[in-house]
Each structure stands twice: as C-alpha cells, then as structure tokens.
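A.B. asks: My file is work_34.txt. It has compact mmCIF, C-alpha atoms:
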```
# COMPACT_ATOMS: atom_id res chain seq x y z
CA MET Q 1 97.20 -2.14 -43.13
CA ARG Q 2 99.43 0.73 -44.16
CA GLY Q 3 102.03 0.39 -46.91
CA ARG Q 4 104.73 1.27 -44.39
CA ASP Q 5 103.76 -1.77 -42.33
CA LEU Q 6 103.85 -4.03 -45.37
CA LEU Q 7 107.34 -2.87 -46.26
CA SER Q 8 108.81 -3.01 -42.80
CA LEU Q 9 112.36 -4.38 -42.62
CA PRO Q 10 111.23 -7.73 -41.14
CA ASN Q 11 108.67 -8.19 -43.94
CA VAL Q 12 111.20 -7.24 -46.62
CA LEU Q 13 113.60 -9.82 -45.16
CA SER Q 14 110.85 -12.44 -45.31
CA LEU Q 15 110.08 -11.49 -48.91
CA THR Q 16 113.72 -12.04 -49.84
CA ARG Q 17 113.21 -15.74 -49.08
CA VAL Q 18 110.48 -15.83 -51.72
CA VAL Q 19 112.99 -14.40 -54.22
CA CYS Q 20 115.59 -16.90 -53.00
CA ALA Q 21 113.08 -19.73 -53.59
CA ALA Q 22 112.88 -18.75 -57.25
CA ALA Q 23 116.66 -18.30 -57.47
CA VAL Q 24 117.30 -21.87 -56.27
CA PHE Q 25 116.42 -23.16 -59.73
CA GLY Q 26 118.90 -20.88 -61.48
CA VAL Q 27 121.87 -21.20 -59.14
CA ARG Q 28 124.10 -24.21 -59.84
CA GLY Q 29 127.51 -23.75 -58.21
CA THR Q 30 128.25 -25.21 -54.78
CA ALA Q 31 129.43 -21.91 -53.30
CA GLU Q 32 126.49 -20.02 -54.78
CA ARG Q 33 123.95 -22.54 -53.51
CA ALA Q 34 125.55 -22.59 -50.06
CA ALA Q 35 125.49 -18.78 -49.99
CA LEU Q 36 121.83 -18.73 -51.04
CA ILE Q 37 120.82 -21.21 -48.32
CA GLY Q 38 122.96 -19.35 -45.78
CA PHE Q 39 121.40 -16.03 -46.75
CA ALA Q 40 117.86 -17.43 -46.55
CA SER Q 41 118.66 -18.95 -43.15
CA ALA Q 42 120.01 -15.64 -41.90
CA THR Q 43 116.91 -13.75 -43.06
CA ASP Q 44 114.72 -16.35 -41.33
CA PHE Q 45 116.45 -15.59 -38.04
CA LEU Q 46 116.74 -11.84 -38.56
CA ASP Q 47 113.16 -11.05 -39.60
CA GLY Q 48 111.67 -12.31 -36.34
CA TRP Q 49 114.49 -10.98 -34.20
CA ILE Q 50 114.22 -7.48 -35.68
CA ALA Q 51 110.40 -7.49 -35.49
CA ARG Q 52 110.46 -8.43 -31.80
CA ARG Q 53 113.32 -6.05 -30.96
CA ARG Q 54 111.67 -3.10 -32.73
CA ARG Q 55 108.22 -4.14 -31.56
CA SER Q 56 107.14 -4.07 -35.18
CA THR Q 57 105.40 -7.42 -35.38
CA SER Q 58 102.34 -7.54 -37.60
CA ARG Q 59 99.66 -9.98 -38.56
CA PHE Q 60 100.92 -9.80 -42.15
CA GLY Q 61 104.48 -10.55 -41.04
CA ALA Q 62 103.32 -13.45 -38.88
CA LEU Q 63 101.65 -14.92 -41.96
CA LEU Q 64 104.39 -14.03 -44.44
CA ASP Q 65 107.30 -15.50 -42.46
CA PRO Q 66 106.17 -19.15 -42.41
CA ILE Q 67 104.94 -18.94 -46.01
CA ALA Q 68 108.35 -17.63 -47.11
CA ASP Q 69 110.05 -20.39 -45.10
CA ARG Q 70 107.93 -23.09 -46.69
CA LEU Q 71 108.39 -21.72 -50.22
CA PHE Q 72 112.14 -21.63 -49.82
CA VAL Q 73 112.45 -25.10 -48.28
CA VAL Q 74 110.06 -26.68 -50.78
CA ALA Q 75 111.87 -25.03 -53.72
CA CYS Q 76 115.23 -26.33 -52.50
CA VAL Q 77 113.90 -29.81 -51.87
CA ILE Q 78 112.28 -29.94 -55.33
CA ALA Q 79 115.46 -28.68 -57.00
CA PHE Q 80 117.57 -31.26 -55.16
CA LEU Q 81 115.08 -34.03 -55.93
CA LEU Q 82 115.06 -33.16 -59.63
CA GLU Q 83 118.87 -33.15 -59.69
CA GLY Q 84 119.11 -36.49 -57.88
CA ALA Q 85 120.75 -35.01 -54.79
CA LEU Q 86 117.76 -36.20 -52.72
CA THR Q 87 115.61 -39.29 -53.06
CA THR Q 88 111.82 -39.26 -52.92
CA GLY Q 89 111.98 -40.74 -49.41
CA GLN Q 90 114.35 -38.02 -48.25
CA TYR Q 91 112.09 -35.43 -49.87
CA LEU Q 92 109.12 -36.76 -47.88
CA VAL Q 93 111.08 -36.82 -44.60
CA LEU Q 94 112.16 -33.22 -45.09
CA LEU Q 95 108.59 -32.10 -45.77
CA ALA Q 96 106.64 -34.41 -43.40
CA ARG Q 97 106.03 -31.70 -40.79
CA ASP Q 98 104.94 -29.23 -43.47
CA ILE Q 99 102.56 -31.72 -45.06
CA ALA Q 100 101.08 -32.68 -41.68
CA THR Q 101 100.72 -29.03 -40.66
CA ALA Q 102 98.97 -28.16 -43.94
CA VAL Q 103 96.57 -31.09 -43.54
CA GLY Q 104 95.98 -30.17 -39.90
CA TYR Q 105 95.24 -26.58 -40.86
CA LEU Q 106 92.71 -27.64 -43.51
CA VAL Q 107 91.03 -30.08 -41.11
CA ALA Q 108 90.90 -27.49 -38.33
CA ARG Q 109 89.33 -24.94 -40.67
CA SER Q 110 86.69 -27.45 -41.78
CA VAL Q 111 85.63 -28.37 -38.22
CA PRO Q 112 83.30 -25.66 -36.86
CA TRP Q 113 84.51 -25.82 -33.24
CA LEU Q 114 88.17 -25.51 -34.34
CA ARG Q 115 87.79 -22.66 -36.86
CA GLU Q 116 88.50 -19.90 -34.37
CA VAL Q 117 91.64 -21.49 -32.93
CA PRO Q 118 94.62 -19.37 -34.05
CA PHE Q 119 97.59 -21.10 -35.68
CA GLN Q 120 100.83 -19.79 -34.27
CA ALA Q 121 104.47 -20.71 -34.66
CA ARG Q 122 105.72 -23.09 -32.01
CA TYR Q 123 109.26 -23.66 -30.76
CA LEU Q 124 109.51 -27.20 -32.14
CA GLY Q 125 108.24 -26.04 -35.52
CA LYS Q 126 110.93 -23.38 -35.65
CA ALA Q 127 113.52 -25.98 -34.67
CA VAL Q 128 112.37 -28.22 -37.55
CA THR Q 129 112.78 -25.32 -39.97
CA ALA Q 130 116.31 -24.66 -38.69
CA LEU Q 131 117.16 -28.35 -39.06
CA GLN Q 132 115.64 -28.46 -42.56
CA LEU Q 133 117.85 -25.52 -43.56
CA ALA Q 134 120.91 -27.22 -42.03
CA THR Q 135 120.08 -30.37 -43.98
CA LEU Q 136 119.75 -28.40 -47.22
CA LEU Q 137 123.14 -26.85 -46.57
CA ALA Q 138 124.57 -30.34 -45.95
CA VAL Q 139 123.14 -31.54 -49.27
CA VAL Q 140 125.32 -28.91 -50.94
CA LEU Q 141 128.42 -28.97 -48.73
CA ARG Q 142 128.56 -32.30 -46.86
CA PRO Q 143 126.26 -34.95 -48.36
CA SER Q 144 127.67 -37.56 -45.95
CA LEU Q 145 125.87 -35.75 -43.10
CA VAL Q 146 122.47 -35.89 -44.81
CA PRO Q 147 121.34 -39.32 -43.49
CA ALA Q 148 121.99 -38.38 -39.85
CA LEU Q 149 120.36 -34.98 -40.31
CA LEU Q 150 117.33 -36.62 -41.92
CA LEU Q 151 116.93 -38.86 -38.85
CA ALA Q 152 117.02 -35.75 -36.68
CA VAL Q 153 114.50 -33.99 -38.96
CA ALA Q 154 112.20 -37.03 -38.80
CA ALA Q 155 112.33 -37.23 -35.00
CA LEU Q 156 111.89 -33.49 -34.50
CA SER Q 157 109.11 -33.38 -37.11
CA ALA Q 158 107.21 -36.12 -35.26
CA ALA Q 159 107.60 -34.17 -32.01
CA ALA Q 160 106.50 -30.93 -33.72
CA ILE Q 161 103.44 -32.61 -35.26
CA ALA Q 162 102.47 -33.94 -31.82
CA ASP Q 163 103.11 -30.51 -30.28
CA TYR Q 164 100.95 -28.69 -32.85
CA THR Q 165 98.20 -31.28 -32.44
CA LEU Q 166 98.22 -30.97 -28.65
CA ALA Q 167 98.26 -27.17 -28.85
CA LEU Q 168 95.25 -27.26 -31.17
CA TRP Q 169 93.43 -29.71 -28.92
CA ARG Q 170 94.10 -27.62 -25.79
CA ALA Q 171 93.14 -24.36 -27.51
CA ARG Q 172 89.80 -25.72 -28.66
CA ALA Q 173 88.82 -26.36 -25.06
CA ALA Q 174 89.80 -22.88 -23.86
```
Please re-express this file's structure in structure tokens.
C.D. replies:
Amino acid sequence: MRGRDLLSLPNVLSLTRVVCAAAVFGVRGTAERAALIGFASATDFLDGWIARRRRSTSRFGALLDPIADRLFVVACVIAFLLEGALTTGQYLVLLARDIATAVGYLVARSVPWLREVPFQARYLGKAVTALQLATLLAVVLRPSLVPALLLAVAALSAAAIADYTLALWRARAA
C-alpha cells in the first residue's frame, strides 16, 4: 500500500477518532465533551461518505474505520463509567454488540471452515454505532434520555448480533 493511500482524507478522518478517544480523558467541560462527541460522529459519517464518493475506498480504510469507532466509543464509555455518569450495566449494554462481534470474530477465525469468510460492516451495525454516539451525547447533554436510548441500543444490538451471525452462517455456505 502506498503512503498516499494511507493518508487519504477518509483515513485521516478515521484517525482523528483515535486522537479523540485519547482526548476524552482530558476534556471535562460539557460543551467541550459535546463538541468532541459531535466531531467524532461527524468524522464517522464523513470518512465513509467521502471514500465512496471519491471512489477511494481501501482495505486499510475498511479496517481502520471500525477500529477507530470502537476505540472512541469504548474510551467514552470508560470515561463516563469512571466518573459515575454510567453504571456498569449501562456500560455493558452500550458495548454488548462490540463484545459479541469481537467474540464472533475470534470464534470464526478459530473454525477452519469459517476462516475465509470476510467480515464486513452491516447496516444494523452502523445503526448501533450511530445510536451509541447519540447515547454518549445524551450522557453529556440530556442524561434523562439515556435510559430510553439504552433500551434502543439493546434492541438494535440484539438485532445486529443476529444479523452478523446470519450473515456469517450464510457466507460459510457460499
């Protein structure tokens, strides 16, 4: 892979979420935290949109984007848990899809007849990420909305886990 491909605009936008993940622990003010979450959310939308529009998608970018998403969400959830803004149960609800996907990935890679099945982003998974980011923003700006958003995250996460599992099962037979 050429250096130019690594530093494409979509990849740079994804990398900013990694920087934002680290910044979460140093930013304390409500407006600053809301701006950080808003910025990370915008880069999550823009990196894929620009890559598709410019036809500059890459294998590296397809790997970097979900890693950057997970790092940012996990950093926020940990910061909010440590500060008492989220409970352990809420933490687990927010990360259930991510935990299940990670376990599923490890299992699929350990089963010989599933090793070659590619893991790709799915619509429901992207929707869970958007809802996670909305929930994180609510933690900062409107904590009263968090319980309802967590129910939505839980339901959508269960649907996404089922969707990823079915996609894996169907792909193994192809």
A.B. asks: Pick from Q:Leu71, Q:Val117, Q:Val140, Q:Ala22: nearest to Gly38 in chain Q, with all atoms listed in the file counted?
C.D. replies: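 With all atoms listed in the file as the atom set, the closest residue is Q:Val140.
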A.B. asks: Would you list the contacts of Phe119 in chain Q as a ChimeraX atom specification, taking every protein, DNA or RNA residue within 9 Å and counting all atoms listed in the file, but skipping same-chain residues closer than 5 positions in sequence?
C.D. replies: /Q:105,164,168
A.B. asks: Write out as a PyMOL selection string which residues come within 10 Å of Ala96 in chain Q when counting only C-alpha atoms, dropping same-chain ones fewer than 3 positions away.
C.D. replies: chain Q and resi 90-93+99-102+153-154+157-158+161
A.B. asks: Determine the nearest neighbour of Arg28 in chain Q from the options Q:Ala79, Q:Leu150, Q:Ala51, Q:Ala68, counting all atoms listed in the file.
C.D. replies: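 Using all atoms listed in the file, the shortest distance to Arg28 in chain Q belongs to Q:Ala79.
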A.B. asks: Rank nothing, just name the residue among Q:Arg97, Q:Arg170, Q:Arg55, Q:Arg33 nearest to Pro118 in chain Q, using only C-alpha atoms.
C.D. replies: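 Answer, going by the shortest atom-to-atom distance: Q:Arg170.
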A.B. asks: Mind giving me the straight-line distance from CA of Leu141 in chain Q to CA of Ala85 in chain Q in Å, one decimal?
C.D. replies: 11.5 Å
A.B. asks: Leaving out Pro10 in chain Q and any residue of its chain fewer than 4 positions from it, which residues lie within 9 Å of it when counting all atoms listed in the file, given as a PyMOL selection string?
C.D. replies: chain Q and resi 14-15+43+46-51+56-57+61+65
A.B. asks: Interatomic distance between CA of Arg109 in chain Q and CA of Arg172 in chain Q?
C.D. replies: 12.0 Å
A.B. asks: Could you tell me how far CA of Leu149 in chain Q sits from CA of Gly84 in chain Q, in Å to one decimal place?
C.D. replies: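 CA of Gly84 in chain Q sits 17.7 Å away from CA of Leu149 in chain Q.
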A.B. asks: Of the candidates Q:Val24, Q:Leu94, Q:Ala121, Q:Ala167, which shows the shortest atom-to-atom distance to Leu64 in chain Q, using only C-alpha atoms?
C.D. replies: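 Selected residue with least distance to Leu64 in chain Q: Q:Ala121.
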A.B. asks: Which residue is closest to Ser41 in chain Q? Choose from Q:Leu124, Q:Ala159, Q:Cys20, Q:Val12 and count all atoms listed in the file.
C.D. replies: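 Among the listed residues, the smallest separation from Ser41 in chain Q belongs to Q:Cys20.
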A.B. asks: Compare Q:Val139, Q:Leu114, Q:Ala148, Q:Ala35 by their minimum atom-to-atom distance to Leu86 in chain Q, counting all atoms listed in the file, and give me the closest one.
C.D. replies: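 Residue with the minimum atom-to-atom distance to Leu86 in chain Q: Q:Val139.
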A.B. asks: For Ala23 in chain Q, find every residue with an atom within 10 Å (counting only C-alpha atoms), except residues of its own chain fewer than 2 positions away, and show them as a PDB file with C-alpha atoms, in the frame of the given file.
C.D. replies:
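Final file, part_7.pdb:
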```
ATOM      1  CA  ARG Q  17     113.210 -15.740 -49.080  1.00  0.00           C
ATOM      2  CA  VAL Q  18     110.480 -15.830 -51.720  1.00  0.00           C
ATOM      3  CA  VAL Q  19     112.990 -14.400 -54.220  1.00  0.00           C
ATOM      4  CA  CYS Q  20     115.590 -16.900 -53.000  1.00  0.00           C
ATOM      5  CA  ALA Q  21     113.080 -19.730 -53.590  1.00  0.00           C
ATOM      6  CA  PHE Q  25     116.420 -23.160 -59.730  1.00  0.00           C
ATOM      7  CA  GLY Q  26     118.900 -20.880 -61.480  1.00  0.00           C
ATOM      8  CA  VAL Q  27     121.870 -21.200 -59.140  1.00  0.00           C
ATOM      9  CA  ARG Q  28     124.100 -24.210 -59.840  1.00  0.00           C
ATOM     10  CA  ARG Q  33     123.950 -22.540 -53.510  1.00  0.00           C
ATOM     11  CA  LEU Q  36     121.830 -18.730 -51.040  1.00  0.00           C
ATOM     12  CA  PHE Q  72     112.140 -21.630 -49.820  1.00  0.00           C
ATOM     13  CA  ALA Q  75     111.870 -25.030 -53.720  1.00  0.00           C
ATOM     14  CA  CYS Q  76     115.230 -26.330 -52.500  1.00  0.00           C
TER      15      CYS Q  76
END
```
